[in-house]
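run-v7.cif (mmCIF, C-alpha atoms and all ligand atoms) appears below.
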data_model
#
loop_
_atom_site.label_atom_id
_atom_site.label_comp_id
_atom_site.auth_asym_id
_atom_site.auth_seq_id
_atom_site.Cartn_x
_atom_site.Cartn_y
_atom_site.Cartn_z
CA MET A 1 -108.73 21.65 152.78
CA LYS A 2 -110.83 19.99 150.08
CA ALA A 3 -109.19 17.04 148.29
CA THR A 4 -108.57 17.72 144.59
CA ILE A 5 -110.02 15.04 142.36
CA PRO A 6 -108.73 15.12 138.78
CA PHE A 7 -111.25 14.69 135.97
CA VAL A 8 -109.47 12.95 133.08
CA ALA A 9 -111.38 12.80 129.82
CA ARG A 10 -110.55 12.44 126.13
CA THR A 11 -113.22 14.87 124.97
CA ASP A 12 -113.76 18.41 123.75
CA ASP A 13 -113.68 21.48 125.99
CA ALA A 14 -117.46 22.01 125.99
CA ASP A 15 -118.20 18.43 127.04
CA ARG A 16 -115.48 18.57 129.70
CA GLU A 17 -116.99 21.76 131.14
CA THR A 18 -120.51 20.29 131.18
CA TRP A 19 -119.25 17.23 133.04
CA LEU A 20 -117.27 19.34 135.52
CA GLU A 21 -120.41 21.35 136.25
CA ALA A 22 -122.48 18.22 136.94
CA LEU A 23 -119.77 16.59 139.04
CA ARG A 24 -119.11 19.72 141.10
CA ALA A 25 -122.84 20.18 141.74
CA ALA A 26 -123.11 16.60 143.01
CA MET A 27 -120.09 16.77 145.35
CA PRO A 28 -119.49 20.25 146.70
CA SER A 29 -117.20 18.89 149.42
CA PHE A 30 -114.56 17.91 146.83
CA LYS A 31 -112.54 20.11 144.50
CA ILE A 32 -112.94 18.59 141.05
CA ASP A 33 -110.66 19.98 138.38
CA ALA A 34 -109.75 19.07 134.82
CA PHE A 35 -106.50 17.09 134.74
CA GLU A 36 -105.01 19.64 132.34
CA THR A 37 -105.27 22.43 134.95
CA LEU A 38 -103.54 20.59 137.82
CA ASN A 39 -100.03 21.49 138.97
CA GLY A 40 -97.32 18.92 139.74
CA GLU A 41 -98.11 18.79 143.44
CA GLN A 42 -101.82 18.14 142.82
CA ARG A 43 -100.96 15.41 140.31
CA GLN A 44 -98.70 13.70 142.86
CA ALA A 45 -101.33 13.96 145.60
CA ALA A 46 -104.23 12.43 143.62
CA ARG A 47 -105.33 9.01 144.97
CA VAL A 48 -108.48 8.77 142.89
CA ALA A 49 -109.60 10.25 139.56
CA ILE A 50 -112.91 10.49 137.76
CA VAL A 51 -112.48 9.42 134.14
CA ALA A 52 -114.35 9.38 130.85
CA ASP A 53 -112.41 7.57 128.13
CA PRO A 54 -109.10 8.78 129.65
CA ASP A 55 -105.84 9.06 127.76
CA PRO A 56 -103.52 6.53 129.47
CA ALA A 57 -100.64 9.02 129.09
CA ASP A 58 -102.58 11.49 131.26
CA LEU A 59 -103.26 8.84 133.89
CA GLY A 60 -99.53 8.04 133.81
CA GLN A 61 -98.94 11.56 135.12
CA LEU A 62 -100.95 10.74 138.26
CA PRO A 63 -98.44 8.28 139.75
CA ASN A 64 -100.17 7.71 143.11
CA LEU A 65 -103.65 6.81 141.90
CA GLU A 66 -105.20 3.95 143.83
CA TRP A 67 -108.32 3.79 141.68
CA ILE A 68 -110.25 5.51 138.94
CA HIS A 69 -114.02 5.91 138.68
CA SER A 70 -115.25 5.68 135.10
CA LEU A 71 -118.37 7.53 134.00
CA TRP A 72 -119.13 4.79 131.47
CA ALA A 73 -120.57 1.32 132.06
CA GLY A 74 -118.38 -0.31 129.37
CA VAL A 75 -114.69 -0.45 130.30
CA GLU A 76 -113.16 -2.53 127.50
CA ARG A 77 -111.01 0.31 126.21
CA ILE A 78 -109.59 1.26 129.63
CA VAL A 79 -109.01 -2.41 130.43
CA THR A 80 -106.90 -2.88 127.28
CA GLU A 81 -105.08 0.44 127.53
CA LEU A 82 -104.10 0.49 131.22
CA PRO A 83 -101.36 -1.74 132.65
CA VAL A 84 -102.66 -4.67 134.72
CA ASP A 85 -100.83 -3.35 137.80
CA GLY A 86 -102.28 0.14 137.22
CA PRO A 87 -105.00 1.76 139.34
CA LYS A 88 -108.12 -0.27 140.08
CA ILE A 89 -110.98 0.47 137.70
CA VAL A 90 -114.49 1.16 138.98
CA ARG A 91 -117.13 1.36 136.27
CA LEU A 92 -120.45 3.18 136.40
CA GLU A 93 -123.28 1.02 137.69
CA ASP A 94 -126.30 3.27 137.50
CA PRO A 95 -129.81 1.87 137.95
CA GLN A 96 -131.08 4.77 135.83
CA MET A 97 -128.86 3.62 132.96
CA ALA A 98 -130.29 0.11 133.34
CA ARG A 99 -133.83 1.56 133.16
CA THR A 100 -132.92 3.59 130.09
CA MET A 101 -131.36 0.54 128.41
CA ALA A 102 -134.41 -1.56 129.32
CA GLU A 103 -136.57 1.11 127.67
CA ALA A 104 -134.48 0.72 124.49
CA VAL A 105 -134.80 -3.06 124.71
CA ILE A 106 -138.60 -2.76 124.97
CA ALA A 107 -138.79 -0.17 122.16
CA TRP A 108 -136.78 -2.20 119.65
CA THR A 109 -138.21 -5.56 120.71
CA LEU A 110 -141.69 -4.16 120.05
CA TYR A 111 -140.45 -2.75 116.73
CA LEU A 112 -139.50 -6.28 115.69
CA HIS A 113 -142.41 -8.03 117.42
CA ARG A 114 -144.88 -5.73 115.63
CA ASP A 115 -143.08 -6.28 112.31
CA MET A 116 -142.58 -2.58 111.77
CA PRO A 117 -139.82 -2.92 109.12
CA ARG A 118 -142.25 -4.96 107.01
CA TYR A 119 -145.10 -2.42 107.35
CA ARG A 120 -142.66 0.36 106.46
CA ARG A 121 -141.75 -1.52 103.27
CA GLN A 122 -145.45 -2.12 102.52
CA GLN A 123 -146.15 1.59 102.89
CA GLU A 124 -143.36 2.43 100.46
CA ALA A 125 -144.99 0.05 97.94
CA ARG A 126 -148.55 1.28 98.81
CA VAL A 127 -149.52 -2.22 99.90
CA TRP A 128 -152.49 -2.63 102.30
CA LYS A 129 -151.99 -6.05 103.86
CA MET A 130 -152.39 -7.38 107.39
CA HIS A 131 -150.26 -10.13 108.88
CA ASP A 132 -150.93 -12.32 111.90
CA LEU A 133 -149.65 -10.90 115.16
CA PRO A 134 -148.31 -13.57 117.55
CA LEU A 135 -148.81 -13.07 121.28
CA PRO A 136 -145.74 -11.80 123.17
CA SER A 137 -145.68 -15.16 125.00
CA GLN A 138 -145.19 -16.83 121.61
CA ARG A 139 -141.98 -14.85 121.06
CA THR A 140 -138.84 -16.05 122.76
CA ILE A 141 -136.35 -13.29 123.53
CA GLY A 142 -132.80 -14.51 124.26
CA ILE A 143 -130.58 -12.08 126.14
CA LEU A 144 -126.79 -12.52 126.01
CA GLY A 145 -125.61 -11.15 129.37
CA LEU A 146 -127.73 -11.07 132.50
CA GLY A 147 -125.80 -8.38 134.35
CA ASN A 148 -127.06 -4.97 135.51
CA LEU A 149 -128.51 -4.16 132.10
CA GLY A 150 -129.61 -7.62 130.96
CA ARG A 151 -131.53 -8.35 134.17
CA MET A 152 -133.48 -5.11 134.13
CA ALA A 153 -134.33 -5.67 130.46
CA ALA A 154 -135.36 -9.29 131.14
CA GLY A 155 -137.67 -8.15 133.96
CA GLN A 156 -139.40 -5.61 131.75
CA LEU A 157 -139.82 -8.10 128.91
CA LEU A 158 -141.40 -10.54 131.39
CA ASP A 159 -143.78 -7.78 132.52
CA ARG A 160 -144.91 -7.62 128.88
CA GLN A 161 -145.45 -11.38 128.79
CA PHE A 162 -142.62 -12.23 126.44
CA THR A 163 -140.92 -15.58 126.91
CA VAL A 164 -137.42 -14.72 128.10
CA CYS A 165 -134.18 -16.69 128.28
CA GLY A 166 -130.74 -15.48 129.28
CA TRP A 167 -127.14 -16.56 128.87
CA SER A 168 -124.32 -15.59 131.21
CA ARG A 169 -120.94 -16.84 132.33
CA SER A 170 -122.22 -18.14 135.67
CA GLY A 171 -125.67 -19.19 134.44
CA ALA A 172 -127.08 -17.58 137.62
CA GLY A 173 -130.85 -18.00 137.82
CA MET A 174 -133.58 -15.41 137.52
CA ASP A 175 -137.26 -15.96 138.30
CA GLY A 176 -139.29 -16.54 135.15
CA VAL A 177 -136.21 -16.71 132.91
CA GLU A 178 -134.72 -19.89 131.49
CA THR A 179 -130.96 -19.44 131.98
CA PHE A 180 -128.03 -20.91 130.07
CA SER A 181 -124.24 -20.82 130.26
CA GLY A 182 -121.26 -22.12 128.32
CA PRO A 183 -120.93 -22.64 124.54
CA ASP A 184 -123.57 -25.39 124.41
CA GLY A 185 -125.96 -23.29 126.43
CA LEU A 186 -125.43 -20.42 124.01
CA ASP A 187 -126.16 -22.64 121.01
CA ARG A 188 -129.32 -23.95 122.65
CA MET A 189 -130.54 -20.47 123.47
CA LEU A 190 -129.76 -19.14 119.99
CA SER A 191 -131.62 -22.00 118.32
CA LYS A 192 -134.87 -21.15 120.12
CA SER A 193 -134.81 -17.32 120.28
CA ASP A 194 -136.92 -15.23 117.90
CA ILE A 195 -135.06 -12.10 118.96
CA VAL A 196 -131.50 -12.19 120.33
CA ILE A 197 -130.34 -9.18 122.34
CA VAL A 198 -126.60 -8.70 122.96
CA LEU A 199 -125.78 -7.21 126.37
CA VAL A 200 -122.46 -8.85 127.26
CA PRO A 201 -119.29 -6.79 127.70
CA LEU A 202 -116.58 -6.92 125.04
CA THR A 203 -113.75 -9.10 126.37
CA ASP A 204 -111.24 -11.55 124.86
CA GLU A 205 -113.93 -14.20 125.28
CA THR A 206 -116.80 -12.33 123.70
CA ARG A 207 -114.96 -10.76 120.73
CA GLY A 208 -116.45 -12.42 117.63
CA LEU A 209 -118.81 -14.47 119.82
CA LEU A 210 -121.58 -14.28 117.23
CA ASP A 211 -119.53 -15.53 114.28
CA ALA A 212 -120.68 -17.21 111.05
CA ASP A 213 -121.36 -20.55 112.77
CA ARG A 214 -123.34 -19.06 115.63
CA LEU A 215 -125.34 -16.72 113.41
CA SER A 216 -126.26 -19.57 111.10
CA ALA A 217 -127.26 -21.64 114.16
CA MET A 218 -129.82 -18.98 115.08
CA LYS A 219 -133.47 -19.80 114.50
CA GLU A 220 -134.64 -19.32 110.90
CA GLY A 221 -136.20 -15.86 110.56
CA ALA A 222 -134.85 -14.58 113.91
CA SER A 223 -133.71 -11.00 114.47
CA LEU A 224 -130.74 -9.55 116.32
CA ILE A 225 -130.34 -6.47 118.50
CA ASN A 226 -126.79 -5.45 119.44
CA PHE A 227 -126.70 -2.88 122.24
CA ALA A 228 -123.34 -3.97 123.71
CA ARG A 229 -120.25 -3.54 121.50
CA GLY A 230 -119.75 -3.94 117.73
CA PRO A 231 -116.91 -6.51 117.68
CA ILE A 232 -119.04 -9.08 119.54
CA VAL A 233 -120.89 -9.72 116.27
CA GLU A 234 -118.95 -10.50 113.07
CA ALA A 235 -120.20 -7.88 110.63
CA THR A 236 -119.56 -9.78 107.39
CA ALA A 237 -121.18 -12.94 108.71
CA LEU A 238 -124.21 -10.95 109.86
CA LEU A 239 -124.63 -9.35 106.43
CA GLU A 240 -124.42 -12.79 104.84
CA GLN A 241 -127.15 -14.22 107.04
CA LEU A 242 -129.39 -11.20 106.37
CA ASP A 243 -128.77 -11.40 102.62
CA ARG A 244 -129.64 -15.07 102.42
CA GLY A 245 -132.79 -14.41 104.47
CA HIS A 246 -131.81 -16.67 107.36
CA LEU A 247 -132.01 -13.66 109.68
CA LYS A 248 -134.84 -11.18 109.30
CA HIS A 249 -133.57 -7.92 110.72
CA ALA A 250 -130.74 -6.46 112.79
CA VAL A 251 -130.97 -3.41 115.04
CA LEU A 252 -127.39 -2.22 115.56
CA ASP A 253 -126.50 0.52 118.03
CA VAL A 254 -122.79 -0.27 118.21
CA PHE A 255 -120.11 -0.94 115.60
CA GLU A 256 -116.49 -2.02 115.23
CA GLN A 257 -115.71 1.54 114.12
CA GLU A 258 -117.72 4.51 115.44
CA PRO A 259 -118.93 6.74 113.92
CA LEU A 260 -119.98 4.11 111.37
CA PRO A 261 -117.92 4.84 108.21
CA GLN A 262 -119.88 6.30 105.27
CA GLU A 263 -118.96 3.32 103.08
CA SER A 264 -120.39 0.73 105.50
CA PRO A 265 -122.99 -1.52 103.84
CA PHE A 266 -125.04 -1.37 107.06
CA TRP A 267 -126.23 2.17 106.25
CA SER A 268 -128.24 1.18 103.21
CA HIS A 269 -129.13 -2.42 104.01
CA PRO A 270 -132.93 -2.82 103.91
CA ASP A 271 -132.89 -5.26 106.85
CA VAL A 272 -130.69 -3.23 109.15
CA THR A 273 -131.59 -0.41 111.52
CA VAL A 274 -128.55 1.74 112.31
CA LEU A 275 -128.51 3.69 115.58
CA PRO A 276 -125.65 6.01 116.62
CA HIS A 277 -124.81 4.38 120.01
CA ILE A 278 -127.82 5.84 121.79
CA SER A 279 -129.44 2.91 123.58
CA GLY A 280 -128.04 3.48 127.08
CA PRO A 281 -126.53 6.95 127.43
CA THR A 282 -124.92 8.02 130.71
CA ASN A 283 -127.11 10.55 132.48
CA ARG A 284 -124.86 13.27 133.91
CA THR A 285 -127.00 13.95 136.97
CA THR A 286 -127.60 10.37 138.14
CA ALA A 287 -124.04 9.31 137.22
CA SER A 288 -122.55 12.23 139.18
CA ALA A 289 -124.68 11.33 142.22
CA ILE A 290 -123.37 7.75 142.13
CA VAL A 291 -119.75 8.87 141.79
CA ALA A 292 -120.34 11.29 144.70
CA GLU A 293 -121.63 8.47 146.90
CA ASN A 294 -118.72 6.18 146.05
CA LEU A 295 -116.11 8.90 146.63
CA ALA A 296 -117.66 9.97 149.94
CA ALA A 297 -117.62 6.35 151.16
CA TYR A 298 -113.99 5.96 150.09
CA PHE A 299 -112.82 9.12 151.84
CA GLU A 300 -114.81 8.27 155.00
CA THR A 301 -113.97 4.57 155.29
CA GLY A 302 -111.13 3.89 152.85
CA LYS A 303 -113.38 1.30 151.18
CA LEU A 304 -113.40 1.04 147.39
CA PRO A 305 -116.55 0.21 145.43
CA GLU A 306 -116.55 -3.12 143.58
CA PHE A 307 -113.90 -2.89 140.86
CA VAL A 308 -113.33 -4.51 137.48
CA ASP A 309 -111.77 -7.98 137.52
CA ARG A 310 -108.83 -7.42 135.15
CA LYS A 311 -108.51 -11.15 134.36
CA ARG A 312 -112.18 -11.52 133.37
CA GLY A 313 -112.06 -8.17 131.59
CA TYR A 314 -115.33 -6.83 133.04
P1 LIG B 1 -122.38 -6.45 133.74
O1 LIG B 1 -123.26 -6.05 134.86
O2 LIG B 1 -120.91 -6.63 134.00
O3 LIG B 1 -122.98 -7.80 133.12
C1 LIG B 1 -122.32 -8.51 132.14
C2 LIG B 1 -123.07 -9.81 131.88
O4 LIG B 1 -122.40 -10.49 130.80
C3 LIG B 1 -123.05 -10.77 133.08
O5 LIG B 1 -124.26 -11.48 133.15
C4 LIG B 1 -121.89 -11.70 132.73
O6 LIG B 1 -122.01 -13.01 133.31
C5 LIG B 1 -122.06 -11.79 131.23
N1 LIG B 1 -120.78 -12.22 130.61
C6 LIG B 1 -119.61 -11.57 130.57
N2 LIG B 1 -118.68 -12.29 129.92
C7 LIG B 1 -119.30 -13.43 129.54
C8 LIG B 1 -118.89 -14.59 128.83
N3 LIG B 1 -117.63 -14.72 128.39
N4 LIG B 1 -119.79 -15.58 128.63
C9 LIG B 1 -121.05 -15.46 129.09
N5 LIG B 1 -121.53 -14.38 129.76
C10 LIG B 1 -120.65 -13.39 129.98
O7 LIG B 1 -122.48 -5.41 132.53
P2 LIG B 1 -123.72 -4.42 132.20
O8 LIG B 1 -123.66 -3.22 133.07
O9 LIG B 1 -124.97 -5.22 132.16
O10 LIG B 1 -123.30 -3.91 130.74
C11 LIG B 1 -123.15 -4.80 129.64
C12 LIG B 1 -122.51 -4.09 128.47
O11 LIG B 1 -123.44 -3.19 127.85
C13 LIG B 1 -121.35 -3.16 128.82
O12 LIG B 1 -120.14 -3.90 128.98
C14 LIG B 1 -121.28 -2.24 127.62
O13 LIG B 1 -120.44 -2.79 126.64
C15 LIG B 1 -122.71 -2.26 127.08
N6 LIG B 1 -123.34 -0.92 127.19
C16 LIG B 1 -123.78 -0.33 126.04
C17 LIG B 1 -124.40 0.91 126.10
C18 LIG B 1 -124.93 1.57 124.85
O14 LIG B 1 -125.34 2.72 124.90
N7 LIG B 1 -124.97 0.90 123.72
C19 LIG B 1 -124.58 1.55 127.33
C20 LIG B 1 -124.11 0.91 128.48
C21 LIG B 1 -123.49 -0.32 128.40
P3 LIG B 1 -122.02 -13.20 134.93
O15 LIG B 1 -123.38 -12.71 135.37
O16 LIG B 1 -121.88 -14.65 135.12
O17 LIG B 1 -120.88 -12.37 135.44
#
Kindly return the structure encoded in the file as structure tokens.
Ligand code: NAP
Amino acid sequence: MKATIPFVARTDDADRETWLEALRAAMPSFKIDAFETLNGEQRQAARVAIVADPDPADLGQLPNLEWIHSLWAGVERIVTELPVDGPKIVRLEDPQMARTMAEAVIAWTLYLHRDMPRYRRQQEARVWKMHDLPLPSQRTIGILGLGNLGRMAAGQLLDRQFTVCGWSRSGAGMDGVETFSGPDGLDRMLSKSDIVIVLVPLTDETRGLLDADRLSAMKEGASLINFARGPIVEATALLEQLDRGHLKHAVLDVFEQEPLPQESPFWSHPDVTVLPHISGPTNRTTASAIVAENLAAYFETGKLPEFVDRKRGY
């Protein structure tokens, strides 16, 4: 008999159905059913669940779970909501997502490198004026976080001849990239980067990481791209640095509160580009294939994929 794998998601019915379709297509040897439709026996029997922003109360009704496979790369919400002795958490590590995120990094780095916000403003004022264009090698791009996403982005920036540096917890090296770690390393990288790209996870250590002091320690006229999580950058401090002209532009894909509230000053700020959390979407087909591979390996060998370190928070 096929094992029943619960799909636990805090989402609407249409989205749940679309996910179930993709997951079932990728793993016909399993029976994947919405948590809501499972009977008591099936809930007791479940050892593993596939989750997308799950309600912890639902997971609490699956008492024998050994692990859960998230369909998202970011796990900060599950990590804070689930008890430390709860099921192990496996997050989505999809090379396609890293490629998609790297594409966003290239797109918005070029937007800033080519001074597009300035030309947009010139057009609005009917001004015909050229400005010098530095070479990519004359632009230093500092990436916070050299994990799955940061590394792929760094590689693609190098391919385009940008000067790239990266900051991570371990300071692990990468060919062609000057790497930094620790608070001093962060300050040094910030002081020399023309564009800073945030790709670290949100944890106790990274919440408010780019605060007033750090933002003011950034290079004069630098720009910021936040593709990770809103609370890593202090919103008020960022607005201050943009208003006083110390920072040139911010491309923000993520916010403390999403959707971004109507009254947020970010919406109308001339030096801010607001994006609705679209830089690295999960692709249903490639994500389902990865979950299928991980589940097949687990049921064949009992081996779990690499899981989240609850102490580190990522
Ligand atoms: P990852 O593979 O876990 O990499 C995280 C990187 O951050 C690693 O290099 C890690 O250092 C570094 N790091 C973590 N905590 C740190 C700290 N306290 N100090 C310094 N460096 C630290 O994660 P990922 O897959 O690249 O994803 C990164 C984040 O992107 C996710 O957590 C998620 O929030 C965000 N994301 C956003 C979207 C979107 O659409 N906007 C989509 C997907 C993901 P080590 O290398 O030393 O471990």
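One finds atom CA of Ser288 of chain A at 21.3 Å from atom CA of Glu103 of chain A.
Using all atoms listed in the file, the shortest contact distance between Thr206 of chain A and any of A:Pro281, A:Gly145, A:Gly173, A:Pro276 is found at A:Gly145.
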>> List as a PyMOL selection string the protein and nucleic acid residues near segment 254-263 of chain A, meaning an atom at most 10 Å away when only C-alpha atoms are counted, but skip any in the same chain fewer than 3 places from it.
In response: chain A and resi 225-235+251+266-268+274-279
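The interatomic distance for the pair atom CA of Trp19 of chain A and atom CA of Arg284 of chain A works out to 6.9 Å.
Put simply, atom CA of Asp132 of chain A is 11.0 Å away from atom CA of His113 of chain A.
Omitting segment 163-169 of chain A and its sequence neighbours fewer than 6 positions away, and counting all atoms listed in the file, the residues within 7 Å are Ser137, Gln138, Arg139, Thr140, Ile141, Gly142, Ile143, Leu144, Gly145, Leu146, Ala154, Val177, Glu178, Thr179, Phe180, Ser181, Gly182 and Leu186 of chain A.
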>> I'd like the neighbourhood of Arg91 of chain A as a PyMOL selection string, where a residue qualifies if any of its atoms comes within 7 Å (using only C-alpha atoms), though same-chain residues fewer than 4 positions away should be ignored.
In response: chain A and resi 69-73+75
>> Which residue is closest to Ile5 of chain A? Choose from A:Ile195, A:Leu110, A:Ala49, A:Val200 and count only C-alpha atoms.
In response: A:Ala49
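With all atoms listed in the file as the basis for measurement, A:Gly313 is the residue among A:Gly176, A:Pro136, A:Gly40, A:Gly313 that approaches ligand LIG 1 (chain B) most closely.
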Report the centre and edge lengths, in Å to one decimal, of an axis-aligned box enclosing every atom of ligand LIG 1 (chain B) listed in the file, padded by 6 Å on each side, as lines of an AutoDock Vina configuration file.
center_x = -121.5
center_y = -6.4
center_z = 129.6
size_x = 19.7
size_y = 30.3
size_z = 23.7
> Which protein, DNA or RNA residues have an atom at most 10 Å from (-101.6, 14.9, 127.3), counting all atoms listed in the file? List them as a PyMOL selection string.
Replying inline: chain A and resi 8+10+35-36+54-61
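Nearest to ligand LIG 1 (chain B) of all the residues A:Glu306, A:Asp33, A:Glu81, A:Asp211 is A:Glu306, based on all atoms listed in the file.
Proximity to ligand LIG 1 (chain B) was assessed for A:Val127, A:Leu238, A:Val198, A:Leu20 counting only C-alpha atoms and all ligand atoms; the smallest distance is recorded for A:Val198.
With only C-alpha atoms as the atoms that count, the residue of A:Thr285, A:Gln96, A:Gln241, A:Ser216 with the shortest distance to Asp187 of chain A is A:Ser216.
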Could you list, as a PDB file with C-alpha atoms, keeping the file's coordinate frame, every residue within 9 Å of Met218 of chain A, counting all atoms listed in the file and ignoring same-chain residues fewer than 3 positions away?
ATOM      1  CA  ASP A 187    -126.160 -22.640 121.010  1.00  0.00           C
ATOM      2  CA  MET A 189    -130.540 -20.470 123.470  1.00  0.00           C
ATOM      3  CA  LEU A 190    -129.760 -19.140 119.990  1.00  0.00           C
ATOM      4  CA  SER A 191    -131.620 -22.000 118.320  1.00  0.00           C
ATOM      5  CA  LYS A 192    -134.870 -21.150 120.120  1.00  0.00           C
ATOM      6  CA  SER A 193    -134.810 -17.320 120.280  1.00  0.00           C
ATOM      7  CA  ASP A 194    -136.920 -15.230 117.900  1.00  0.00           C
ATOM      8  CA  VAL A 196    -131.500 -12.190 120.330  1.00  0.00           C
ATOM      9  CA  ASP A 213    -121.360 -20.550 112.770  1.00  0.00           C
ATOM     10  CA  ARG A 214    -123.340 -19.060 115.630  1.00  0.00           C
ATOM     11  CA  LEU A 215    -125.340 -16.720 113.410  1.00  0.00           C
ATOM     12  CA  GLY A 221    -136.200 -15.860 110.560  1.00  0.00           C
ATOM     13  CA  ALA A 222    -134.850 -14.580 113.910  1.00  0.00           C
ATOM     14  CA  SER A 223    -133.710 -11.000 114.470  1.00  0.00           C
ATOM     15  CA  HIS A 246    -131.810 -16.670 107.360  1.00  0.00           C
ATOM     16  CA  LEU A 247    -132.010 -13.660 109.680  1.00  0.00           C
TER      17      LEU A 247
END
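With distances taken from (-106.4, 0.5, 135.4) and restricted to only C-alpha atoms, the residues inside 10 Å are Pro56, Leu59, Leu65, Glu66, Trp67, Ile68, His69, Val75, Ile78, Val79, Thr80, Glu81, Leu82, Pro83, Val84, Asp85, Gly86, Pro87, Lys88, Ile89, Val90, Phe307, Val308 and Arg310 of chain A.
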> Leaving out Ala292 of chain A and any residue of its chain fewer than 3 positions from it, which residues lie within 12 Å of it when counting all atoms listed in the file, given as a VMD selection string?
Replying inline: chain A and resid 5 22 to 32 49 to 50 69 71 92 284 to 289 295 to 299 305
Residue completion, segment 7-18 of chain A, N, CA and C atoms, as a short mmCIF file (atom, residue, chain, number, x, y, z; two decimals), in the coordinates of the input:
data_model
loop_
_atom_site.label_atom_id
_atom_site.label_comp_id
_atom_site.auth_asym_id
_atom_site.auth_seq_id
_atom_site.Cartn_x
_atom_site.Cartn_y
_atom_site.Cartn_z
N PHE A 7 -110.30 15.23 136.94
CA PHE A 7 -111.25 14.69 135.97
C PHE A 7 -110.47 14.51 134.67
N VAL A 8 -110.31 13.25 134.24
CA VAL A 8 -109.47 12.95 133.08
C VAL A 8 -110.35 12.42 131.96
N ALA A 9 -110.46 13.20 130.88
CA ALA A 9 -111.38 12.80 129.82
C ALA A 9 -110.79 13.13 128.46
N ARG A 10 -110.96 12.17 127.51
CA ARG A 10 -110.55 12.44 126.13
C ARG A 10 -111.79 12.98 125.44
N THR A 11 -112.01 14.29 125.55
CA THR A 11 -113.22 14.87 124.97
C THR A 11 -112.96 16.33 124.63
N ASP A 12 -114.00 17.00 124.09
CA ASP A 12 -113.76 18.41 123.75
C ASP A 12 -114.02 19.30 124.96
N ASP A 13 -113.62 20.57 124.84
CA ASP A 13 -113.68 21.48 125.99
C ASP A 13 -115.10 21.65 126.50
N ALA A 14 -116.07 21.76 125.57
CA ALA A 14 -117.46 22.01 125.99
C ALA A 14 -117.98 20.83 126.80
N ASP A 15 -117.73 19.62 126.34
CA ASP A 15 -118.20 18.43 127.04
C ASP A 15 -117.52 18.33 128.41
N ARG A 16 -116.22 18.63 128.44
CA ARG A 16 -115.48 18.57 129.70
C ARG A 16 -116.10 19.54 130.71
N GLU A 17 -116.41 20.74 130.24
CA GLU A 17 -116.99 21.76 131.14
C GLU A 17 -118.36 21.31 131.65
N THR A 18 -119.18 20.73 130.76
CA THR A 18 -120.51 20.29 131.18
C THR A 18 -120.39 19.21 132.25
#
